[in-house]
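> This is the structure, below, for whatever I ask next.
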Amino acid sequence: MTAVPTFTQVADGIWTATATIWTSLTTAVVAPHGACLLIDPGISLAELDARAHEAIRRGWRVTAGFATHPHWDHVLWHQAWCGAPRWATAEAVEAQRRTRDADLAAADAATPGHDPALFGRLTALPADATELPWDGPQAVIVRHRAHAPGHAALVLPHAATLLAGDMLSDLEIPLLDTDAADPLDDYRAALDTLERAAADHGVRTVIPGHGHVGDGAELARRLAADRRSLEALARGRTPDADRLRTPWLAEEHRKHVERLRH
C-alpha cells in the first residue's frame, strides 16, 4: 500500500501535502491559535482520512475550507470537517451545481468512496468580498476567469505566499476553459492579475494546485513560460515541449488546438 504523504511546512504557517495522483497539492493555512484553513484538500478517500488524522495530531482545528475552482478534484471534503464552511466564488458554486452529477461520477471513477453528501457542497462568497471570512491570517481573494468558471487564487500577505489554484504549475501547460467565449484572452488576463497581486504583496512563494512549490524567481519563470505557451497555442504551434511529455497533457493540447480552431 502506498504511503500517503504528510504535510510539510513551506512558509510561515503554511503547509502542503502532495496527492498520489496528478501531483495535486493540498494547502493548510494554520493560525497561531490552531485554526486551520484547508485549500483543495486531497484526492483519494485515504488521503482525506490521513489529512483529518494529521490535523488532529498536530492540534489544528479545521474551521474553513476554500475551493479555488469547481473541478471535482478541488471540491472534496471529509466528515471530520463537516461543520466548517467551504468557501468558493459564487460563479464557482453555480458551475459546480450545474456539473455536480457528472463530476461525482468522474470522482467515483478515479477515486471511489467519497461521500456524495459532502461532495461539492460549497458556500458562495459575497460578490464584493475581498478577503476570506475566517478566523485566521488575512487571505486576499484574487478572482479571474481562466481555466474554470469562478476561479480564484488566495494571497497570504503575512507569509508573502500566493496559492494559485490550477495556475502557474511547473508541470502542466495552461489548461483553458474552452467553453468560455475567449479562453485565451481570459488566461492572459488572469496571468496579469496574478502577477499584479504577487507584486502588490511582495510574494516570495507560489503554490500551484498541481506541481511543486516555487520561490519568487520560479514564479517569474512560470509566468513567462505560460505566456509563451499561450502565444504558441494561439498560433497553432506546440508550446513548451517539456511539459507535453506527459501523454494526457499532450492530448489536452491537441484538444485545445482543435477547439480554438472552431
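Chain labels follow the order of the C-alpha cells: the first chain is A, the next B, and so on; residue numbering restarts at 1 in every chain, and ligands are counted from 1 in their shown order.
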Going by DSSP on the backbone, which bits of stretch 113-158 of chain A are strand (DSSP E)? Write them as a list in words, please.
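For stretch 113-158 of chain A, the strand (DSSP E) set is Thr123, Ala124, Val140, Ile141, Val142, Arg143, Ala152, Ala153, Leu154, Val155 and Leu156 of chain A.
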> Keeping only C-alpha atoms, write those residues as an mmCIF file, in the first residue's frame.

```cif
data_model
loop_
_atom_site.group_PDB
_atom_site.id
_atom_site.type_symbol
_atom_site.label_atom_id
_atom_site.label_comp_id
_atom_site.auth_asym_id
_atom_site.auth_seq_id
_atom_site.Cartn_x
_atom_site.Cartn_y
_atom_site.Cartn_z
ATOM 1 C CA THR A 123 -20.690 28.189 0.226
ATOM 2 C CA ALA A 124 -20.721 31.216 -2.063
ATOM 3 C CA VAL A 140 -6.847 38.060 -0.028
ATOM 4 C CA ILE A 141 -9.135 36.770 -2.809
ATOM 5 C CA VAL A 142 -7.784 37.159 -6.360
ATOM 6 C CA ARG A 143 -10.585 36.489 -8.849
ATOM 7 C CA ALA A 152 -9.810 32.428 -7.624
ATOM 8 C CA ALA A 153 -6.380 32.455 -6.046
ATOM 9 C CA LEU A 154 -5.518 33.474 -2.494
ATOM 10 C CA VAL A 155 -2.668 35.670 -1.308
ATOM 11 C CA LEU A 156 -1.480 35.249 2.280
#
```
> Residues of stretch 143-188 of chain A that approach stretch 196-215 of chain A to 9 Å or less, counting only C-alpha atoms: could you list each one with the shortest pair of atoms and its distance in Å to one decimal, rows by chain and increasing residue number, as JSON lines?

```
{"residue": "A:Val155", "atom": "CA", "partner": "A:Ala197", "partner_atom": "CA", "distance": 7.6}
{"residue": "A:Leu156", "atom": "CA", "partner": "A:His201", "partner_atom": "CA", "distance": 8.4}
{"residue": "A:Pro157", "atom": "CA", "partner": "A:His201", "partner_atom": "CA", "distance": 5.9}
{"residue": "A:Ala159", "atom": "CA", "partner": "A:Val203", "partner_atom": "CA", "distance": 8.0}
{"residue": "A:Ala160", "atom": "CA", "partner": "A:Val203", "partner_atom": "CA", "distance": 4.3}
{"residue": "A:Thr161", "atom": "CA", "partner": "A:Thr205", "partner_atom": "CA", "distance": 4.7}
{"residue": "A:Leu162", "atom": "CA", "partner": "A:Val206", "partner_atom": "CA", "distance": 4.8}
{"residue": "A:Leu163", "atom": "CA", "partner": "A:Ile207", "partner_atom": "CA", "distance": 4.9}
{"residue": "A:Ala164", "atom": "CA", "partner": "A:Pro208", "partner_atom": "CA", "distance": 5.0}
{"residue": "A:Gly165", "atom": "CA", "partner": "A:Gly209", "partner_atom": "CA", "distance": 4.5}
{"residue": "A:Asp166", "atom": "CA", "partner": "A:Gly209", "partner_atom": "CA", "distance": 4.7}
{"residue": "A:Met167", "atom": "CA", "partner": "A:Pro208", "partner_atom": "CA", "distance": 6.0}
{"residue": "A:Leu168", "atom": "CA", "partner": "A:Pro208", "partner_atom": "CA", "distance": 5.9}
{"residue": "A:Ser169", "atom": "CA", "partner": "A:Gly211", "partner_atom": "CA", "distance": 5.4}
{"residue": "A:Asp170", "atom": "CA", "partner": "A:Gly211", "partner_atom": "CA", "distance": 5.7}
{"residue": "A:Leu171", "atom": "CA", "partner": "A:Gly211", "partner_atom": "CA", "distance": 5.6}
{"residue": "A:Glu172", "atom": "CA", "partner": "A:His210", "partner_atom": "CA", "distance": 7.6}
```
> Identify, on the basis of only C-alpha atoms, every residue whose closest approach to A:Ala146 does not exceed 6 Å; exclude the query and any residue fewer than 4 positions from it along the same chain; express the result as a CSV table (one decimal) with N, CA, C and O atoms, in the first residue's frame.

```csv
chain,number,residue,atom,x,y,z
A,186,ASP,N,-8.9,35.3,-21.6
A,186,ASP,CA,-9.2,35.1,-20.2
A,186,ASP,C,-7.9,34.7,-19.5
A,186,ASP,O,-7.6,35.1,-18.4
A,187,TYR,N,-7.2,33.8,-20.1
A,187,TYR,CA,-6.0,33.2,-19.4
A,187,TYR,C,-4.9,34.3,-19.4
A,187,TYR,O,-4.2,34.5,-18.4
A,190,ALA,N,-5.7,36.7,-16.7
A,190,ALA,CA,-5.5,36.0,-15.4
A,190,ALA,C,-4.1,36.1,-15.0
A,190,ALA,O,-3.7,36.3,-13.8
```
> Using only C-alpha atoms, which of A:Trp77, A:Trp60, A:Trp72, A:Trp22 sits nearest A:Ala92?
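Using only C-alpha atoms, A:Ala92 sits closest to A:Trp72.
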> One number please: atom CA of A:Leu37 to atom CA of A:Asp226, in Å, one decimal.
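Rounded to one decimal, the two atoms are 28.4 Å apart.
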> List every residue of stretch 4-186 of chain A that DSSP, applied to the backbone, labels as alpha helix (DSSP H), and write the result as a PyMOL selection string.
chain A and resi 45-58+90-110+183-186
> Which neighbours of A:Arg51 fall inside 10 Å, counting only C-alpha atoms, when residues of the same chain fewer than 5 positions from it are skipped, and could you give them as number ranges by chain?
A: 4-7, 17, 26, 28, 38, 41-42, 45-46, 56-57, 78, 80
